[in-house]
Structure formats: structure tokens, C-alpha cells
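First up is the structure itself, then whatever we jot down about it.
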Amino acid sequence: MNRTFRTLFTAAAAAVLIAGSAFAAGDDGKPIDLRSMSRTMAYATVYDMQNNPDNYLGRTVRMSGSFTTFTAKPGGERCTACIIKDAAACCSAGMEFSLAEKPAKLPNEDSTINVEGVFAVEKEAGLAFTLLKNARFLP
């Protein structure tokens with residue numbers, strides 16, 4: 001029973017990732033709006049963005065999730081990110097974003113936010129990471 005469930009879950013996850021890749025590959029110039037997707041599809045798309053970034057470079061992305069901040073290195077600048085959980089809330093994928101304009105006050109940690117920015121890849125210390133550049137909070 002457990003093995004059957006695992007096999008079905010793996011097959012479903014693979015189908016979602018393939019669908020996410022197909023969604024990104026069809027660049028019609030419209031923003032990728034993760035807010036209109038199911039939580040599982042949005043999670044899978046963010047996961048695909050991190051693993052196949054070339055498919056998304058320069059695309060406008062809109063997403064909804066939990067706001068968080070972190071420091072990438074000791075004494076470093078505070079970074080902002082949006083975290084998306086899958087439907088079961090057992091897995092999460094996050095996307096760092098850099099705001100075009102610094103707001104007077106950032107949202108509270110773990111509050112729900114809507115953010116829009118341009119998907120990019122940056123390199124630091126020989127490592128590549130994905131983020132949304134020139135981001136702004138959406139109502």
C-alpha cells in the first residue's frame with residue numbers, strides 16, 4: 001500500500017513539473033501569474049524556475065505567499081523572499097526578490113504578500129541564485 005502511494009505521488013509530482021516546464025516554455029510575453037495556479041502547481045513552477053532558470057529569464061512573475069527576510073551571510077544585507085507551500089503544506093519553495101523602491105515599512109514576517117518582479121539569475125561567490133528584480137508589492 002505504501003509503495004503504491006509513493007509511486008502514484010511520484011508520478012503526479014513528475015506530471016506537475018512537466019506541466020510547469022511546458023507552461024514556461026510557451027513564452028507569449030504575458031506575465032507568469034502563480035497566483036492563478038493551484039498551490040501545488042505554483043510550488044512546482046517555482047521549483048522548475050530554480051532548476052531550469054533559462055526558461056524564465058526576463059519574464060515578469062507574480063506570486064503570492066508568505067513574506068520572510070533572511071541574511072545570506074554574517075553581517076550582510078537583509079534579503080526579502082516570498083515562500084510558497086504546496087497544497088499539503090509539507091513542502092515549500094521560495095523566491096528571493098529585490099524591491100525597486102524600499103517601502104517605509106516591510107510586511108510582518110509570515111504575513112501573506114503579493115509580489116511582482118522580473119525573473120533573473122545572479123552569481124555571487126561562484127554560486128548562481130534566482131530572484132525577482134525590480135519587484136513591487138501588489139494589492
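Ordering of the C-alpha cells sets the chain letters (A, B, ...), residue numbers begin anew at 1 in every chain, and ligands are numbered from 1 in the order given.
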Which residues are near Asp110 (chain A)? Cut-off 9 Å, only C-alpha atoms, ignore same chain within fewer than 6 positions. Put them as a list of chain:residue names. A:Gly65, A:Ser66, A:Phe67, A:Thr68, A:Ile83
Enumerate as number ranges by chain all residues of chain A assigned to alpha helix (DSSP H) by DSSP on the backbone, naming them with the chain letters and numbers the document uses. A: 2-25, 39-51
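Between Tyr43 (chain A) and the residues A:Cys79, A:Pro31, A:Ala93, A:Leu57, the shortest atom-to-atom distance, using only C-alpha atoms, involves A:Ala93.
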Please return, as a PyMOL selection string, all residues of region 8-139 of chain A that DSSP assigns to strand (DSSP E) on the basis of the backbone. chain A and resi 32-33+60-71+78-85+92-99+112-124+127-137
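Distances to Glu96 (chain A) were evaluated for A:Ala125, A:Lys133, A:Pro74, A:Thr112 using only C-alpha atoms, and the minimum falls at A:Lys133.
In this structure, CA of Glu101 (chain A) sits 15.7 Å away from CA of Leu131 (chain A).
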Tell me, as a list in words, which residues lie within 12 Å of Cys91 (chain A), counting only C-alpha atoms; anything in the same chain fewer than 3 positions away does not count. Ala13, Arg39, Thr40, Ala42, Tyr43, Ala44, Val46, Tyr47, Ile83, Ile84, Lys85, Asp86, Ala87, Ala88 and Gly94 of chain A
Could you dump the residues just selected with N, CA and C atoms as a tab-separated table (two decimals), in the first residue's frame?
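Output file again_2.tsv follows:
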```
chain	number	residue	atom	x	y	z
A	13	ALA	N	3.77	14.13	-9.11
A	13	ALA	CA	4.74	15.23	-8.99
A	13	ALA	C	5.48	15.44	-10.31
A	39	ARG	N	-2.03	25.70	-5.50
A	39	ARG	CA	-0.82	25.78	-4.67
A	39	ARG	C	0.23	24.77	-5.13
A	40	THR	N	-0.22	23.58	-5.52
A	40	THR	CA	0.72	22.56	-5.97
A	40	THR	C	1.39	22.98	-7.27
A	42	ALA	N	1.76	26.10	-8.42
A	42	ALA	CA	2.63	27.25	-8.15
A	42	ALA	C	3.94	26.78	-7.53
A	43	TYR	N	3.86	25.87	-6.56
A	43	TYR	CA	5.05	25.31	-5.94
A	43	TYR	C	5.93	24.63	-6.98
A	44	ALA	N	5.31	23.81	-7.84
A	44	ALA	CA	6.07	23.08	-8.87
A	44	ALA	C	6.71	24.04	-9.87
A	46	VAL	N	7.70	27.21	-9.26
A	46	VAL	CA	8.85	27.85	-8.60
A	46	VAL	C	10.01	26.87	-8.54
A	47	TYR	N	9.73	25.63	-8.24
A	47	TYR	CA	10.77	24.60	-8.22
A	47	TYR	C	11.42	24.49	-9.61
A	83	ILE	N	7.62	32.86	0.09
A	83	ILE	CA	7.63	31.41	0.23
A	83	ILE	C	6.26	30.85	-0.16
A	84	ILE	N	6.27	29.86	-1.05
A	84	ILE	CA	5.04	29.19	-1.48
A	84	ILE	C	5.07	27.76	-0.96
A	85	LYS	N	3.96	27.35	-0.34
A	85	LYS	CA	3.83	25.97	0.13
A	85	LYS	C	2.93	25.20	-0.82
A	86	ASP	N	3.19	23.90	-0.94
A	86	ASP	CA	2.32	23.08	-1.76
A	86	ASP	C	0.99	22.85	-1.03
A	87	ALA	N	0.04	22.18	-1.69
A	87	ALA	CA	-1.29	22.01	-1.13
A	87	ALA	C	-1.29	21.27	0.20
A	88	ALA	N	-0.38	20.34	0.39
A	88	ALA	CA	-0.31	19.60	1.64
A	88	ALA	C	0.45	20.37	2.72
A	94	GLY	N	10.87	28.88	-2.25
A	94	GLY	CA	10.90	30.32	-2.07
A	94	GLY	C	11.58	31.03	-3.22
```
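Residues within 10 Å of Ala120 (chain A), counting only C-alpha atoms and excluding same-chain residues fewer than 6 positions away, are Met49, Pro53, Asp54, Tyr56, Leu57, Gly58, Arg59, Thr60, Phe97, Phe129, Thr130, Leu131, Leu132 and Lys133 of chain A.
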Residues as selected, C-alpha atoms, written as a PDB file, in the first residue's frame, can you do that?
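File produced: again-v2.pdb:
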```pdb
ATOM      1  CA  MET A  49      12.219  28.064 -12.163  1.00  0.00           C
ATOM      2  CA  PRO A  53      16.141  29.204 -14.943  1.00  0.00           C
ATOM      3  CA  ASP A  54      16.941  29.782 -18.634  1.00  0.00           C
ATOM      4  CA  TYR A  56      12.157  32.032 -17.390  1.00  0.00           C
ATOM      5  CA  LEU A  57      14.858  34.730 -17.722  1.00  0.00           C
ATOM      6  CA  GLY A  58      13.392  38.190 -18.220  1.00  0.00           C
ATOM      7  CA  ARG A  59       9.804  37.060 -17.621  1.00  0.00           C
ATOM      8  CA  THR A  60       7.566  39.047 -15.285  1.00  0.00           C
ATOM      9  CA  PHE A  97      13.087  39.405  -4.524  1.00  0.00           C
ATOM     10  CA  PHE A 129      20.750  32.009  -7.419  1.00  0.00           C
ATOM     11  CA  THR A 130      17.368  33.078  -8.762  1.00  0.00           C
ATOM     12  CA  LEU A 131      15.420  36.152  -7.755  1.00  0.00           C
ATOM     13  CA  LEU A 132      12.807  38.645  -8.867  1.00  0.00           C
ATOM     14  CA  LYS A 133      14.419  42.006  -9.650  1.00  0.00           C
TER      15      LYS A 133
END
```
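Put simply, CA of Arg62 (chain A) is 27.9 Å away from CA of Gly126 (chain A).
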All residues 7 Å or closer to region 114-116 of chain A, only C-alpha atoms, same chain fewer than 5 positions away omitted, as a PyMOL selection string: chain A and resi 60-65+135-139
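Between CA of Asp33 (chain A) and CA of Thr45 (chain A) lies a distance of 10.4 Å.
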